[in-house]
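Chemist: Please see the structure below; I have some questions.
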Amino acid sequence: MTDPKLKPDDIYTRRLELGLSNSIRMLTELIDLAKDNTTRLGAIRYLGLVCKEDHSLGKECFDTLEGVLISEEGISIKIEAAKAIGKSRNEKGLKPLQWILDQDFNDPEIYITALKSISKIKFEEAERVLFIQYLDSNFNSLKNFVKNKLLELEPEKLIHSLIIALKDKSLSNKHKSEIIKVMGYEISSINISLDDVMYIKTKYPEIVTDLIQNKNDLLNEISRVLREEDKALMNSIVAILSIIKDYIKDDIIKLLLTDDFILKKNAIVITGKLKIDDAVDSLVDNLDNMYNEVTRASIEALGDIADVSVVPELLSILNIEDISFEYIDIDLKFQVIDAIKKIYLNSKVDSYAYLLDFLTGNNETLKESVAFILGEIGNEEFAEPLIKVLNERNF
């Protein structure tokens, strides 16, 4: 029977004097018999430390800790036992820790502790996949822990594990969105510039190869989960696909021909974000698509690509002869105007003669829209012709 005056820290301090085997027995008795949680928590903590000093006693220690982890009802006791198992580095501990993850608890700390202990024992492919399963947890603290732990991995290992997880058909789109965010975050952190991918190609060729080899799966999943309103997701998608842009251009353009309007719309968005010049003709063809979302996405993508040759096509959308229909979709009108403005601001244009000619033409509808565009571009050279138009007509 353990001397009741001996506390867990006393036993640990005197472990060599008492003998390791005897110390383990005394700490185990305190775990089983002590009335207060503080003493029991201390006994579990020090049991884990003592067991590390003599691996020949590992089975006895492990059996005690496993029993506590599984049979105890108190969360704080389970957490301390999980910590001790992690410190033991005993691979037998993976099974009871996994058992904890399969239980339903309202406290995220128990899951975090179990995962942390698992990573101390082993953190190979299977364990990395396990961590990824918790990226869509409803507990923010758990999600952040998992994300931060994954980001500690070597970039090549992390990206490979994330690609594998992305192929898991059992995962929801929400979950896959979180996987893509982590992948994009990692790529952004190791790539100097989205405009120059030579650094990552030189420094991390394995990542580039992995992305290229899995480009079809990546593009398929990204096209299905893309949501423009989720800025973090969009930034990650652009970071990922920019690395393999030259290898996926044709695949993206093919998606522009699909009958699935959601896939088509998302492919259009990607085309614009990646500024794929070869897709301009297909985007122009989609300007009069039966689905309004596809039309709007095409307009925005053309603005992002900034090819001045499409300006006549965009202006034709505004060229409505029946003035009563002009303002049916005022948002669409201003989206076209914004796209044309972006094209001129982001392309190297030597002359604005094409736009300025509309100010002296007879099409009052286009004259008003072009005047607005020129005002938004804001070049000083536009002041005189715009004042002249104002003197002729007050818009």
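Note on naming: chains are A, B, ... as they come in the structure tokens, residues start from 1 per chain, ligands start from 1 in the order shown.
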Per DSSP on the backbone, what are the helix (DSSP H, G or I) residues of range 169-294 of chain A, as JSON, numbers by chain?

Modeler: {"A": [173, 174, 175, 176, 177, 178, 179, 180, 181, 182, 183, 184, 185, 186, 187, 188, 189, 190, 198, 199, 200, 201, 202, 203, 205, 206, 207, 208, 209, 210, 211, 212, 213, 215, 216, 217, 218, 219, 220, 221, 222, 223, 224, 225, 231, 232, 233, 234, 235, 236, 237, 238, 239, 240, 241, 242, 243, 245, 246, 247, 248, 249, 250, 251, 252, 253, 254, 255, 261, 262, 263, 264, 265, 266, 267, 268, 269, 270, 271, 272, 273, 274, 277, 278, 279, 280, 281, 282, 283, 284, 285, 286, 287, 288, 292, 293, 294]}

Chemist: So that I can check the surroundings of range 251-266 of chain A, please list as a ChimeraX atom specification every protein, DNA and RNA residue that reaches within 7 Å of it, counting only C-alpha atoms and ignoring chain neighbours fewer than 5 positions away.

Modeler: /A:223-224,226,279,282,293-294,297

Chemist: Can I get the selected residues back with N, CA and C atoms, as an mmCIF file, in the first residue's frame?

Modeler:
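Resulting contents of out.cif:
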```cif
data_model
loop_
_atom_site.group_PDB
_atom_site.id
_atom_site.type_symbol
_atom_site.label_atom_id
_atom_site.label_comp_id
_atom_site.auth_asym_id
_atom_site.auth_seq_id
_atom_site.Cartn_x
_atom_site.Cartn_y
_atom_site.Cartn_z
ATOM 1 N N SER A 223 -13.155 22.543 -59.860
ATOM 2 C CA SER A 223 -14.281 23.048 -60.651
ATOM 3 C C SER A 223 -15.611 22.823 -59.947
ATOM 4 N N ARG A 224 -15.657 21.824 -59.084
ATOM 5 C CA ARG A 224 -16.902 21.500 -58.399
ATOM 6 C C ARG A 224 -17.086 22.257 -57.083
ATOM 7 N N LEU A 226 -15.527 25.314 -56.319
ATOM 8 C CA LEU A 226 -15.213 26.737 -56.423
ATOM 9 C C LEU A 226 -16.397 27.608 -56.016
ATOM 10 N N ALA A 279 -8.405 31.156 -74.407
ATOM 11 C CA ALA A 279 -9.821 30.880 -74.150
ATOM 12 C C ALA A 279 -10.734 32.035 -74.556
ATOM 13 N N SER A 282 -13.772 31.253 -76.855
ATOM 14 C CA SER A 282 -14.812 30.483 -76.167
ATOM 15 C C SER A 282 -15.589 31.360 -75.189
ATOM 16 N N GLU A 293 -25.730 33.359 -65.233
ATOM 17 C CA GLU A 293 -24.481 33.237 -64.466
ATOM 18 C C GLU A 293 -23.280 32.986 -65.377
ATOM 19 N N VAL A 294 -23.511 32.216 -66.452
ATOM 20 C CA VAL A 294 -22.428 31.941 -67.397
ATOM 21 C C VAL A 294 -22.054 33.208 -68.150
ATOM 22 N N ALA A 297 -20.117 35.514 -65.775
ATOM 23 C CA ALA A 297 -18.766 34.999 -65.536
ATOM 24 C C ALA A 297 -17.880 35.249 -66.748
#
```

Chemist: When you draw a straight line from CA of Leu20 in chain A to CA of Leu69 in chain A, how long is it in Å?

Modeler: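 Straight-line distance from CA of Leu20 in chain A to CA of Leu69 in chain A works out to 22.2 Å.
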
Chemist: Leaving out Ile77 in chain A and any residue of its chain fewer than 3 positions from it, which residues lie within 10 Å of it when counting only C-alpha atoms, given as a PDB file with C-alpha atoms, in the first residue's frame?

Modeler:
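Just written: result26.pdb:
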```
ATOM      1  CA  ILE A  31      -4.451   6.545 -10.035  1.00  0.00           C
ATOM      2  CA  ASN A  37      -8.523  14.501  -9.352  1.00  0.00           C
ATOM      3  CA  THR A  38      -5.421  16.612  -8.792  1.00  0.00           C
ATOM      4  CA  ARG A  40      -4.787  11.278  -9.953  1.00  0.00           C
ATOM      5  CA  LEU A  41      -3.800  13.676 -12.765  1.00  0.00           C
ATOM      6  CA  GLY A  42      -0.355  14.071 -11.228  1.00  0.00           C
ATOM      7  CA  ILE A  44      -0.826   9.776 -14.547  1.00  0.00           C
ATOM      8  CA  ARG A  45       1.585  12.500 -15.631  1.00  0.00           C
ATOM      9  CA  VAL A  68      -7.447   4.795 -17.737  1.00  0.00           C
ATOM     10  CA  LEU A  69      -7.907   6.267 -21.216  1.00  0.00           C
ATOM     11  CA  GLU A  72     -12.393   6.648 -17.078  1.00  0.00           C
ATOM     12  CA  GLU A  73     -15.401   8.931 -17.588  1.00  0.00           C
ATOM     13  CA  GLY A  74     -13.729  12.220 -16.689  1.00  0.00           C
ATOM     14  CA  GLU A  80      -3.842  13.309 -19.185  1.00  0.00           C
ATOM     15  CA  ALA A  81      -3.706   9.598 -20.050  1.00  0.00           C
ATOM     16  CA  ALA A  82      -3.617  10.437 -23.777  1.00  0.00           C
ATOM     17  CA  LYS A  83      -0.723  12.826 -23.164  1.00  0.00           C
ATOM     18  CA  ILE A 110      -9.640  15.519 -26.058  1.00  0.00           C
TER      19      ILE A 110
END
```

Chemist: Can you tell me which residues surround range 346-349 of chain A at a distance of at most 12 Å, considering only C-alpha atoms, apart from same-chain residues fewer than 5 positions away, and format the answer as a ChimeraX atom specification?

Modeler: /A:275,302-309,311,339-341,354-355,377

Chemist: Looking at A:Asp329, A:Glu156, A:Glu229, A:Asp250, which one is nearest to Val208 in chain A, with distances taken over only C-alpha atoms?

Modeler: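 Result for the nearest residue to Val208 in chain A: A:Glu156.
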
Chemist: Please provide as a list of chain:residue names all residues within 9 Å of Ile70 in chain A, with the sequence filter that same-chain residues fewer than 4 positions apart are discarded (counting only C-alpha atoms).

Modeler: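 Selected residues are A:Leu65, A:Glu66, A:Lys78, A:Pro96, A:Trp99, A:Ile100.
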
Chemist: Report as a PyMOL selection string all protein, DNA and RNA residues lying within 12 Å of Gln213 in chain A, evaluated on only C-alpha atoms, omitting residues in the same chain fewer than 6 positions from it.

Modeler: chain A and resi 160+163-164+206-207+219+244+247-248

Chemist: Can you measure CA of Leu94 in chain A to CA of Val146 in chain A for me? One decimal in Å is fine.

Modeler: 17.1 Å
